[in-house]
Amino acid sequence: MSLLQNYVLPFLFALAVLIVVHEYGHYLVARLCRVKVLRFSLGFGRPLFTKTAGEDRTEWVIAAIPFGGYVKMLDEREGPVAPEEAHRAFNRQTVWKRFAIVIAGPLFNFAFAVILYTGLFMNGVPEATPVLAEPPAGTLAAAAGLHGGDTVRSLDGEAVTTWQDFRWRMLQAALQRQTIEIETLDARGHIAGARLDLGGVQPEDLEKDLLGGVGLALQRPVLEPVIGKVEPGPGARAGLQPDDRITGIDGAPVKTWDDVVRIIQQNPGKRVAFGVVREGRALALDVTPDSVRSGERSIGRVGIGVRDSDKFYTEVRYGLGVSLVKSVDKTVEISLFSLKILGKMLLGQVSWKHLSGPLTIADAAGQSAQMGLSYFLNFLAVISISLGVLNLLPIPLLDGGHLMYYAIEVAKGRPVSERAIELGQRVGLALLLVMMAFAFYNDLNRLITG
């Protein structure tokens with residue numbers, strides 16, 4: 001039941017939302033262009049649910065195979081069309097109308113990501129402040145003069161407010177093998193600058209802990225083992241309460257919150273005895289941590305948070321206008337980064353191991369859903385952008401392949417021949433099968449070998 005609830009259902013929900021968003025883009029623009037839509041299908045294969053509605057009696061279908069969907073329009077190439085409806089057939093439309101209908105799907109994916117990011121920027125998400133741990137001797141960070149306790153203020157003149165921002169900017173710089181200027185603020189309030197040369201980063205370094213490899217890590221504060229919040233879950237059911245001080249777990253002494261996290265994570269699904277002090281009274285409570293996936297392993301989770309954690313986290317919020325601008329910038333940034341990664345894969349500069357399939361996406365969907373709504377919405381935004389970028393690739397069978405045909409039609413002044421389209425579809429199918437094979441292999445490899 002936990003596998004279904006924690007991973008399968010979030011994955012299917014994410015798929016359904018993103019497919020509906022994409023296909024609704026095609027559907028809406030087709031209607032605006034006065035093209036008759038015969039069917040809107042969520043999924044492929046045998047229909048499980050069908051409803052006919054609207055002036056055109058469009059079929060709304062939920063099908064058995066959930067990995068995709070389609071909008072079927074009136075088209076003389078696919079069947080007979082009544083003379084009085086010929087003007088509403090897709091193939092009778094101008095090239096610009098066909099172009100608009102096809103590109104609407106990916107554009108709706110990008111727009112959906114912008115909407116999600118706008119909401120997240122307005123609501124605010126608590127994230128770790130970018131405070132550096134002491135770099136190990138001999139690393140690039142140590143050689144650059146960075147020190148533990150330094151707070152990163154900016155990278156190449158662009159402000160950095162969270163650790164997530166810092167990681168993202170560093171990954172982009174490493175991909176381009178750039179030298180990056182880091183401005184920091186130390187505990188005494190002194191501002192300093194450092195130059196970090198990432199020119200020596202190799203493709204295999206991108207598959208590992210990139211920041212750790214150059215000596216950069218988030219400083220982990222020493223926190224007392226005192227509960228600050230209790231979420232619905234094993235801890236609440238066992239009777240743990242805010243302000244409880246944890247003194248031991250299963251006989252092992254607990255001195256810091258890191259000890260609590262470590263022991264809980266090591267005992268997924270196993271009952272452990274918590275020793276706590278509440279208002280001067282010692283109590284013993286049995287707790288069975290939930291088993292959740294984290295990357296390639298299962299860890300325990302109880303649903304408790306540490307007190308005073310807000311001292312080490314920041315929550316950045318913006319107004320509607322700023323949030324909208326930042327969300328557009330972020331969507332464009334992630335889209336371009338995805339294209340760069342794909343390009344470097346084709347050139348052999350980045351491993352194909354970065355290509356992920358449904359198992360990895362399902363794992364990410366489950367993990368983000370367990371972390372909270374804001375994390376799941378962020379996951380949806382990233383996958384929606386990836387879906388938009390993928391569909392714009394000039395591969396026949398994808399939206400980008402059709403757009404390529406229309407661009408050729410505009411340049412030549414006449415449509416691409418049916419023979420060329422047929423050959424293109426065969427090539428496109430082969431390319432997609434190769435990509436799917438790589439993705440499934442990577443998924444299975446991660447699952448089996450870690």
# chains A, B, ... in the order shown; residues from 1 in each chain; ligands from 1
$ residues_around --residues "segment 142-158 of chain A" --least-positions-apart "4" --cutoff "7 Å" --atoms "only C-alpha atoms" --output "ChimeraX atom specification"
/A:130-138,180-187,194-196,215
$ atom_distance --atom1 "atom CA of Val328 of chain A" --atom2 "atom CA of Ser356 of chain A"
24.9 Å
$ select_by_dssp --residues "segment 137-289 of chain A" --states "helix (DSSP H, G or I)" --output "PyMOL selection string"
chain A and resi 140-143+163-175+203-207+210-213+234-238+257-265
$ select_by_dssp --residues "segment 69-234 of chain A" --states "strand (DSSP E or B)" --output "count of residues only"
37
$ residues_around --residues "segment 388-401 of chain A" --least-positions-apart "5" --cutoff "10 Å" --atoms "only C-alpha atoms" --output "number ranges by chain"
A: 18, 22, 99, 101-111, 113, 334-336, 338-339, 342, 382-383, 406-407, 421-432
$ closest_residue --among "A:Val35, A:Val61, A:Val322, A:Ile361" --to "Glu85 of chain A" --atoms "only C-alpha atoms"
A:Val35
$ closest_residue --among "A:Ile246, A:Thr314, A:Lys255, A:Ser386" --to "Val160 of chain A" --atoms "only C-alpha atoms"
A:Thr314
